[in-house]
$ cat start.pdb   # PDB, C-alpha atoms
ATOM      1  CA  MET A   1     -48.253-208.703  79.544
ATOM      2  CA  THR A   2     -51.003-209.341  82.089
ATOM      3  CA  GLU A   3     -52.701-206.140  83.295
ATOM      4  CA  TRP A   4     -52.117-205.448  86.990
ATOM      5  CA  LYS A   5     -55.265-205.535  89.101
ATOM      6  CA  ALA A   6     -55.729-204.342  92.660
ATOM      7  CA  LYS A   7     -56.358-207.173  95.108
ATOM      8  CA  ARG A   8     -58.274-207.190  98.369
ATOM      9  CA  PHE A   9     -55.781-206.777 101.218
ATOM     10  CA  TRP A  10     -58.039-206.352 104.244
ATOM     11  CA  THR A  11     -60.227-208.642 106.319
ATOM     12  CA  ARG A  12     -62.983-206.276 107.376
ATOM     13  CA  ALA A  13     -64.143-202.693 106.903
ATOM     14  CA  GLU A  14     -65.718-201.011 109.932
ATOM     15  CA  VAL A  15     -67.160-197.580 110.736
ATOM     16  CA  THR A  16     -65.620-195.416 113.429
ATOM     17  CA  GLU A  17     -66.849-192.079 114.750
ATOM     18  CA  VAL A  18     -64.224-189.335 114.628
ATOM     19  CA  GLU A  19     -64.070-185.593 115.124
ATOM     20  CA  GLY A  20     -66.096-184.013 112.338
ATOM     21  CA  GLY A  21     -67.969-187.128 111.263
ATOM     22  CA  TYR A  22     -67.328-190.787 110.509
ATOM     23  CA  GLN A  23     -64.594-192.831 108.893
ATOM     24  CA  VAL A  24     -64.317-196.272 107.384
ATOM     25  CA  ALA A  25     -61.324-198.277 108.553
ATOM     26  CA  LEU A  26     -59.872-201.345 106.833
ATOM     27  CA  ASP A  27     -58.560-203.612 109.589
ATOM     28  CA  GLY A  28     -58.261-200.540 111.783
ATOM     29  CA  LYS A  29     -56.553-198.322 109.190
ATOM     30  CA  PRO A  30     -58.737-195.326 108.162
ATOM     31  CA  LEU A  31     -59.488-194.913 104.483
ATOM     32  CA  ASN A  32     -58.159-191.912 102.595
ATOM     33  CA  THR A  33     -59.189-190.512  99.244
ATOM     34  CA  PRO A  34     -57.035-191.362  96.205
ATOM     35  CA  GLY A  35     -55.307-188.008  96.800
ATOM     36  CA  LYS A  36     -54.435-189.086 100.370
ATOM     37  CA  LEU A  37     -56.954-186.814 102.101
ATOM     38  CA  PRO A  38     -58.860-188.189 105.116
ATOM     39  CA  LEU A  39     -62.161-189.709 104.012
ATOM     40  CA  ILE A  40     -64.298-188.137 106.732
ATOM     41  CA  LEU A  41     -67.998-188.607 106.050
ATOM     42  CA  PRO A  42     -70.873-186.423 107.251
ATOM     43  CA  THR A  43     -73.378-189.109 108.265
ATOM     44  CA  CYS A  44     -73.243-192.574 109.774
ATOM     45  CA  PRO A  45     -75.554-194.072 107.104
ATOM     46  CA  MET A  46     -73.152-192.867 104.411
ATOM     47  CA  ALA A  47     -70.233-194.414 106.263
ATOM     48  CA  ASP A  48     -72.200-197.668 106.651
ATOM     49  CA  ALA A  49     -72.941-197.717 102.910
ATOM     50  CA  ILE A  50     -69.286-197.166 102.032
ATOM     51  CA  SER A  51     -68.173-199.784 104.534
ATOM     52  CA  ALA A  52     -70.583-202.245 102.931
ATOM     53  CA  GLU A  53     -69.082-201.539  99.507
ATOM     54  CA  TRP A  54     -65.584-202.385 100.764
ATOM     55  CA  ASN A  55     -66.774-205.497 102.598
ATOM     56  CA  ALA A  56     -68.512-206.662  99.405
ATOM     57  CA  GLN A  57     -65.252-206.669  97.413
ATOM     58  CA  GLU A  58     -63.929-210.115  96.647
ATOM     59  CA  ALA A  59     -60.421-211.095  95.578
ATOM     60  CA  GLU A  60     -60.189-208.312  92.992
ATOM     61  CA  ILE A  61     -61.152-204.722  93.852
ATOM     62  CA  LYS A  62     -63.734-203.355  91.410
ATOM     63  CA  PRO A  63     -64.125-199.564  91.804
ATOM     64  CA  LEU A  64     -67.212-199.476  89.581
ATOM     65  CA  THR A  65     -69.071-201.429  92.261
ATOM     66  CA  MET A  66     -68.355-198.701  94.834
ATOM     67  CA  PRO A  67     -70.388-195.664  93.705
ATOM     68  CA  ASN A  68     -70.775-194.205  97.189
ATOM     69  CA  THR A  69     -67.028-194.319  97.735
ATOM     70  CA  ARG A  70     -66.450-192.566  94.422
ATOM     71  CA  SER A  71     -69.012-189.862  95.209
ATOM     72  CA  ALA A  72     -67.515-189.214  98.641
ATOM     73  CA  ASN A  73     -64.030-188.986  97.117
ATOM     74  CA  SER A  74     -65.335-186.468  94.584
ATOM     75  CA  ALA A  75     -66.909-184.358  97.325
ATOM     76  CA  ILE A  76     -63.657-184.099  99.259
ATOM     77  CA  GLU A  77     -61.166-183.775  96.423
ATOM     78  CA  ARG A  78     -63.108-181.931  93.731
ATOM     79  CA  VAL A  79     -66.018-180.050  95.282
ATOM     80  CA  VAL A  80     -64.685-178.836  98.635
ATOM     81  CA  PRO A  81     -61.866-176.796  96.997
ATOM     82  CA  GLN A  82     -64.288-175.098  94.562
ATOM     83  CA  LEU A  83     -67.690-175.227  96.197
ATOM     84  CA  ARG A  84     -68.697-171.728  95.088
ATOM     85  CA  GLU A  85     -67.695-172.389  91.502
ATOM     86  CA  VAL A  86     -69.670-175.641  91.333
ATOM     87  CA  ALA A  87     -72.705-173.927  92.873
ATOM     88  CA  ALA A  88     -72.485-171.113  90.319
ATOM     89  CA  MET A  89     -72.193-173.588  87.455
ATOM     90  CA  LEU A  90     -75.310-175.455  88.573
ATOM     91  CA  ALA A  91     -77.218-172.246  89.249
ATOM     92  CA  ALA A  92     -76.538-171.180  85.651
ATOM     93  CA  TYR A  93     -78.787-174.028  84.476
ATOM     94  CA  GLY A  94     -81.687-171.893  85.692
ATOM     95  CA  GLU A  95     -80.996-169.529  82.778
ATOM     96  CA  THR A  96     -81.282-172.300  80.165
ATOM     97  CA  ASP A  97     -83.442-174.884  81.903
ATOM     98  CA  LEU A  98     -84.602-177.763  79.721
ATOM     99  CA  LEU A  99     -88.206-177.296  80.849
ATOM    100  CA  CYS A 100     -88.318-173.851  79.270
ATOM    101  CA  TYR A 101     -87.590-175.003  75.717
ATOM    102  CA  ARG A 102     -90.570-176.495  73.932
ATOM    103  CA  ALA A 103     -91.045-178.057  70.531
ATOM    104  CA  GLU A 104     -93.004-176.050  67.963
ATOM    105  CA  GLY A 105     -94.792-179.252  66.953
ATOM    106  CA  PRO A 106     -96.291-181.717  66.383
ATOM    107  CA  ALA A 107     -99.224-181.144  68.716
ATOM    108  CA  GLU A 108     -98.843-184.470  70.527
ATOM    109  CA  LEU A 109     -95.245-183.651  71.492
ATOM    110  CA  THR A 110     -96.062-180.106  72.618
ATOM    111  CA  GLN A 111     -98.872-181.515  74.758
ATOM    112  CA  ARG A 112     -96.417-183.892  76.422
ATOM    113  CA  HIS A 113     -94.221-180.922  77.263
ATOM    114  CA  ILE A 114     -97.153-179.057  78.768
ATOM    115  CA  ALA A 115     -98.399-182.026  80.773
ATOM    116  CA  GLY A 116     -94.973-183.086  82.014
ATOM    117  CA  TRP A 117     -93.096-179.824  82.496
ATOM    118  CA  ASP A 118     -95.619-177.124  83.370
ATOM    119  CA  PRO A 119     -96.433-178.603  86.815
ATOM    120  CA  LEU A 120     -92.725-178.488  87.725
ATOM    121  CA  LEU A 121     -92.378-174.879  86.588
ATOM    122  CA  ASP A 122     -95.459-174.039  88.642
ATOM    123  CA  TRP A 123     -93.869-175.775  91.626
ATOM    124  CA  ALA A 124     -90.628-173.794  91.208
ATOM    125  CA  ALA A 125     -92.613-170.568  91.036
ATOM    126  CA  GLU A 126     -94.387-171.404  94.281
ATOM    127  CA  ARG A 127     -91.479-173.003  96.146
ATOM    128  CA  TYR A 128     -88.721-170.535  95.221
ATOM    129  CA  ASP A 129     -90.661-167.545  93.871
ATOM    130  CA  ALA A 130     -88.956-168.343  90.571
ATOM    131  CA  ARG A 131     -91.348-168.128  87.628
ATOM    132  CA  LEU A 132     -89.367-169.047  84.512
ATOM    133  CA  ASN A 133     -90.368-168.066  81.005
ATOM    134  CA  VAL A 134     -91.089-170.631  78.288
ATOM    135  CA  GLY A 135     -90.277-170.442  74.596
ATOM    136  CA  ALA A 136     -90.605-172.566  71.464
ATOM    137  CA  GLY A 137     -87.733-173.751  69.330
ATOM    138  CA  ILE A 138     -84.039-173.114  69.982
ATOM    139  CA  VAL A 139     -84.132-169.323  70.337
ATOM    140  CA  PRO A 140     -82.685-168.358  73.761
ATOM    141  CA  VAL A 141     -85.317-167.551  76.372
ATOM    142  CA  ASP A 142     -84.612-164.573  78.614
ATOM    143  CA  GLN A 143     -85.342-165.322  82.254
ATOM    144  CA  PRO A 144     -86.318-162.877  85.007
ATOM    145  CA  PRO A 145     -83.119-162.007  86.921
ATOM    146  CA  GLN A 146     -84.854-162.358  90.281
ATOM    147  CA  ALA A 147     -86.153-165.833  89.428
ATOM    148  CA  VAL A 148     -82.642-166.927  88.422
ATOM    149  CA  ALA A 149     -81.228-165.403  91.607
ATOM    150  CA  ASN A 150     -83.774-167.191  93.770
ATOM    151  CA  LEU A 151     -82.895-170.535  92.212
ATOM    152  CA  ALA A 152     -79.203-169.749  92.725
ATOM    153  CA  ASP A 153     -79.908-169.133  96.412
ATOM    154  CA  ALA A 154     -81.455-172.604  96.648
ATOM    155  CA  VAL A 155     -78.242-174.122  95.296
ATOM    156  CA  ALA A 156     -75.902-171.955  97.381
ATOM    157  CA  GLY A 157     -76.958-173.532 100.665
ATOM    158  CA  THR A 158     -75.850-177.012  99.591
ATOM    159  CA  ASP A 159     -72.825-178.631 101.273
ATOM    160  CA  ALA A 160     -70.052-180.326  99.313
ATOM    161  CA  PHE A 161     -71.318-183.900  99.676
ATOM    162  CA  SER A 162     -74.881-182.992  98.729
ATOM    163  CA  MET A 163     -73.535-180.873  95.869
ATOM    164  CA  VAL A 164     -72.062-184.008  94.280
ATOM    165  CA  ALA A 165     -75.551-185.504  94.127
ATOM    166  CA  LEU A 166     -77.200-182.278  92.976
ATOM    167  CA  HIS A 167     -74.553-181.908  90.266
ATOM    168  CA  ASP A 168     -75.583-185.192  88.649
ATOM    169  CA  LEU A 169     -79.298-184.578  89.134
ATOM    170  CA  VAL A 170     -78.994-181.261  87.283
ATOM    171  CA  THR A 171     -76.402-181.976  84.606
ATOM    172  CA  LEU A 172     -77.780-185.362  83.584
ATOM    173  CA  THR A 173     -81.308-183.997  83.151
ATOM    174  CA  GLY A 174     -80.311-180.579  81.842
ATOM    175  CA  SER A 175     -82.690-178.999  84.341
ATOM    176  CA  LEU A 176     -82.065-177.187  87.598
ATOM    177  CA  VAL A 177     -85.782-177.384  88.339
ATOM    178  CA  LEU A 178     -85.829-181.169  87.970
ATOM    179  CA  GLY A 179     -82.702-181.531  90.099
ATOM    180  CA  LEU A 180     -84.093-179.391  92.906
ATOM    181  CA  ALA A 181     -87.442-181.179  92.682
ATOM    182  CA  VAL A 182     -85.740-184.498  93.420
ATOM    183  CA  THR A 183     -83.891-183.058  96.410
ATOM    184  CA  GLU A 184     -87.148-181.584  97.732
ATOM    185  CA  ARG A 185     -88.990-184.914  97.245
ATOM    186  CA  ARG A 186     -91.335-183.291  94.730
ATOM    187  CA  LEU A 187     -90.577-186.258  92.481
ATOM    188  CA  ASN A 188     -88.088-189.115  92.418
ATOM    189  CA  ALA A 189     -85.064-189.609  90.187
ATOM    190  CA  LYS A 190     -86.851-192.067  87.907
ATOM    191  CA  ASN A 191     -89.611-189.521  87.319
ATOM    192  CA  ALA A 192     -87.007-186.837  86.636
ATOM    193  CA  TYR A 193     -85.243-189.103  84.164
ATOM    194  CA  GLU A 194     -88.479-189.788  82.292
ATOM    195  CA  LEU A 195     -89.406-186.105  82.202
ATOM    196  CA  SER A 196     -85.954-185.169  80.898
ATOM    197  CA  ARG A 197     -86.384-187.610  77.998
ATOM    198  CA  ILE A 198     -89.712-186.515  76.549
ATOM    199  CA  ASP A 199     -88.063-185.414  73.305
ATOM    200  CA  GLU A 200     -85.831-188.489  73.048
ATOM    201  CA  ASP A 201     -88.685-190.876  73.737
ATOM    202  CA  TRP A 202     -90.770-189.145  71.096
ATOM    203  CA  GLN A 203     -88.006-189.638  68.538
ATOM    204  CA  ILE A 204     -87.670-193.299  69.509
ATOM    205  CA  GLU A 205     -91.390-193.803  68.956
ATOM    206  CA  GLN A 206     -91.051-192.356  65.474
ATOM    207  CA  TRP A 207     -87.775-193.896  64.335
ATOM    208  CA  GLY A 208     -86.809-196.653  66.761
ATOM    209  CA  GLU A 209     -83.783-196.955  69.073
ATOM    210  CA  ASP A 210     -80.357-198.450  68.452
ATOM    211  CA  GLU A 211     -78.592-200.577  71.029
ATOM    212  CA  GLU A 212     -75.802-198.095  71.690
ATOM    213  CA  ALA A 213     -78.266-195.316  72.510
ATOM    214  CA  LYS A 214     -80.266-197.697  74.668
ATOM    215  CA  ALA A 215     -77.176-198.640  76.691
ATOM    216  CA  ALA A 216     -76.197-194.982  77.125
ATOM    217  CA  ALA A 217     -79.699-194.140  78.337
ATOM    218  CA  ALA A 218     -79.644-196.999  80.852
ATOM    219  CA  ALA A 219     -76.281-195.820  82.206
ATOM    220  CA  LYS A 220     -77.634-192.282  82.560
ATOM    221  CA  GLU A 221     -80.686-193.503  84.454
ATOM    222  CA  ALA A 222     -78.479-195.547  86.795
ATOM    223  CA  GLN A 223     -76.351-192.464  87.513
ATOM    224  CA  LEU A 224     -79.462-190.460  88.365
ATOM    225  CA  LEU A 225     -80.758-193.156  90.679
ATOM    226  CA  HIS A 226     -77.396-193.238  92.444
ATOM    227  CA  ALA A 227     -77.379-189.445  92.785
ATOM    228  CA  GLU A 228     -80.755-189.606  94.502
ATOM    229  CA  ALA A 229     -79.562-192.373  96.830
ATOM    230  CA  PHE A 230     -76.381-190.438  97.674
ATOM    231  CA  TRP A 231     -78.440-187.327  98.422
ATOM    232  CA  ASP A 232     -80.492-189.413 100.835
ATOM    233  CA  LEU A 233     -77.310-190.615 102.551
ATOM    234  CA  CYS A 234     -76.216-186.989 102.932
ATOM    235  CA  CYS A 235     -79.495-186.125 104.637
ATOM    236  CA  ALA A 236     -79.788-189.266 106.761
ATOM    237  CA  LYS A 237     -79.139-189.176 110.497
TER     238      LYS A 237
END
$ encode --input "start.pdb" --output "structure tokens"
Amino acid sequence: MTEWKAKRFWTRAEVTEVEGGYQVALDGKPLNTPGKLPLILPTCPMADAISAEWNAQEAEIKPLTMPNTRSANSAIERVVPQLREVAAMLAAYGETDLLCYRAEGPAELTQRHIAGWDPLLDWAAERYDARLNVGAGIVPVDQPPQAVANLADAVAGTDAFSMVALHDLVTLTGSLVLGLAVTERRLNAKNAYELSRIDEDWQIEQWGEDEEAKAAAAAKEAQLLHAEAFWDLCCAK
């Protein structure tokens, strides 16, 4: 049996301004989310980007080529109903932030941690008054409650659309500090990706890399780059 595939059924996607934001209409019919909720977008640049994704579809609709549409759908259907819970989940990364867990050796690896991660921890201490403690090995590191609370406050002010981007920036790197640093333009997503992989890259240098791991790493980097771009669309005017 031939697998059914969705076909393009519209001539043109266009942006319209509506109460509360912007919508994308296909031949005049506004888009909804897969759950049939109105796809109302917070900024015109985001709506333009989503409209461009729909206009770029050819005979067969390929959802994987529409990352902005998928992120907007997630914001409306998954984040809006549980915004506080998502914020709390991301804030919890401050208690176990990747940048706080260092290798006990060898010296070259520990120096990479110091050179790459210490400046970001210093930045978090200055920007959010959140000085996090650092430890070696896998033993849990206790963090100052006030520092964790201050980082949580930084997350709590994020709207649902921006939270989708922050979610990926934090969970894919394992670091709330790295995620916030990208949103604050302290570094870009590519830098954050590289800093999150100091341990992995060290292991690759010692033992090599297989093709499956290489493909997974490339997919992760692409997701981070998209998260940064979607954050920018949330902030654009």
$ residues_near_point --input "start.pdb" --point "(-66.6, -183.7, 111.1)" --cutoff "8 Å" --atoms "all atoms listed in the file" --output "ChimeraX atom specification"
/A:18-22,40-42
$ resolve_selection --input "start.pdb" --expression "the PyMOL selection byres ((chain A and resi 25-31) around 9)" --output "ChimeraX atom specification"
/A:9-16,23-24,32-33,36-40,51,54
$ write_last_selection --input "start.pdb" --atoms "C-alpha atoms" --output "PDB file, in the frame of the given file"
ATOM      1  CA  PHE A   9     -55.781-206.777 101.218  1.00  0.00           C
ATOM      2  CA  TRP A  10     -58.039-206.352 104.244  1.00  0.00           C
ATOM      3  CA  THR A  11     -60.227-208.642 106.319  1.00  0.00           C
ATOM      4  CA  ARG A  12     -62.983-206.276 107.376  1.00  0.00           C
ATOM      5  CA  ALA A  13     -64.143-202.693 106.903  1.00  0.00           C
ATOM      6  CA  GLU A  14     -65.718-201.011 109.932  1.00  0.00           C
ATOM      7  CA  VAL A  15     -67.160-197.580 110.736  1.00  0.00           C
ATOM      8  CA  THR A  16     -65.620-195.416 113.429  1.00  0.00           C
ATOM      9  CA  GLN A  23     -64.594-192.831 108.893  1.00  0.00           C
ATOM     10  CA  VAL A  24     -64.317-196.272 107.384  1.00  0.00           C
ATOM     11  CA  ASN A  32     -58.159-191.912 102.595  1.00  0.00           C
ATOM     12  CA  THR A  33     -59.189-190.512  99.244  1.00  0.00           C
ATOM     13  CA  LYS A  36     -54.435-189.086 100.370  1.00  0.00           C
ATOM     14  CA  LEU A  37     -56.954-186.814 102.101  1.00  0.00           C
ATOM     15  CA  PRO A  38     -58.860-188.189 105.116  1.00  0.00           C
ATOM     16  CA  LEU A  39     -62.161-189.709 104.012  1.00  0.00           C
ATOM     17  CA  ILE A  40     -64.298-188.137 106.732  1.00  0.00           C
ATOM     18  CA  SER A  51     -68.173-199.784 104.534  1.00  0.00           C
ATOM     19  CA  TRP A  54     -65.584-202.385 100.764  1.00  0.00           C
TER      20      TRP A  54
END
$ residues_around --input "start.pdb" --residues "stretch 206-219 of chain A" --least-positions-apart "6" --cutoff "10 Å" --atoms "all atoms listed in the file" --output "list in words"
Tyr193, Arg197, Glu200 and Leu225 of chain A
$ resolve_selection --input "start.pdb" --expression "the PyMOL selection byres ((chain A and resi 178) around 10)" --output "MDAnalysis selection string"
chainID A and resid 97:99 117 120:121 124 169:170 173:177 179:184 186:189 191:193 195:196
$ closest_residue --input "start.pdb" --among "A:Arg84, A:Arg78, A:Lys220, A:Arg102" --to "A:Gly116" --atoms "only C-alpha atoms"
A:Arg102
$ resolve_selection --input "start.pdb" --expression "the PyMOL selection byres ((chain A and resi 60) around 9)" --output "PyMOL selection string"
chain A and resi 5-8+57-59+61-62
$ closest_residue --input "start.pdb" --among "A:Ala156, A:Ala88, A:Met163, A:Ala49" --to "A:Trp231" --atoms "only C-alpha atoms"
A:Met163
$ closest_residue --input "start.pdb" --among "A:Ile204, A:Ile114, A:Ala107, A:Ile76" --to "A:Gly35" --atoms "all atoms listed in the file"
A:Ile76
$ axis_aligned_box --input "start.pdb" --around "stretch 198-216 of chain A" --padding-each-side "3 Å" --output "AutoDock Vina command-line options"
--center_x -83.6 --center_y -193.0 --center_z 70.7 --size_x 21.6 --size_y 21.2 --size_z 18.8
$ atom_distance --input "start.pdb" --atom1 "atom CA of A:Ala72" --atom2 "atom CA of A:Val164"
8.2 Å
$ closest_residue --input "start.pdb" --among "A:Asp153, A:His167, A:Cys235, A:Ala103" --to "A:Gly137" --atoms "only C-alpha atoms"
A:Ala103
$ closest_residue --input "start.pdb" --among "A:Gly157, A:Val79, A:Ser162, A:Glu205" --to "A:Leu233" --atoms "all atoms listed in the file"
A:Ser162
$ residues_around --input "start.pdb" --residues "A:Met89" --least-positions-apart "6" --cutoff "10 Å" --atoms "only C-alpha atoms" --output "list in words"
Leu83, Ala152, Val155, His167 and Thr171 of chain A
$ atom_distance --input "start.pdb" --atom1 "atom CA of A:Asp201" --atom2 "atom CA of A:Gly105"
14.8 Å
$ atom_distance --input "start.pdb" --atom1 "atom CA of A:Gln111" --atom2 "atom CA of A:Ala125"
20.6 Å
$ closest_residue --input "start.pdb" --among "A:Ala52, A:His113, A:Leu166, A:Glu95" --to "A:Gln146" --atoms "all atoms listed in the file"
A:Glu95
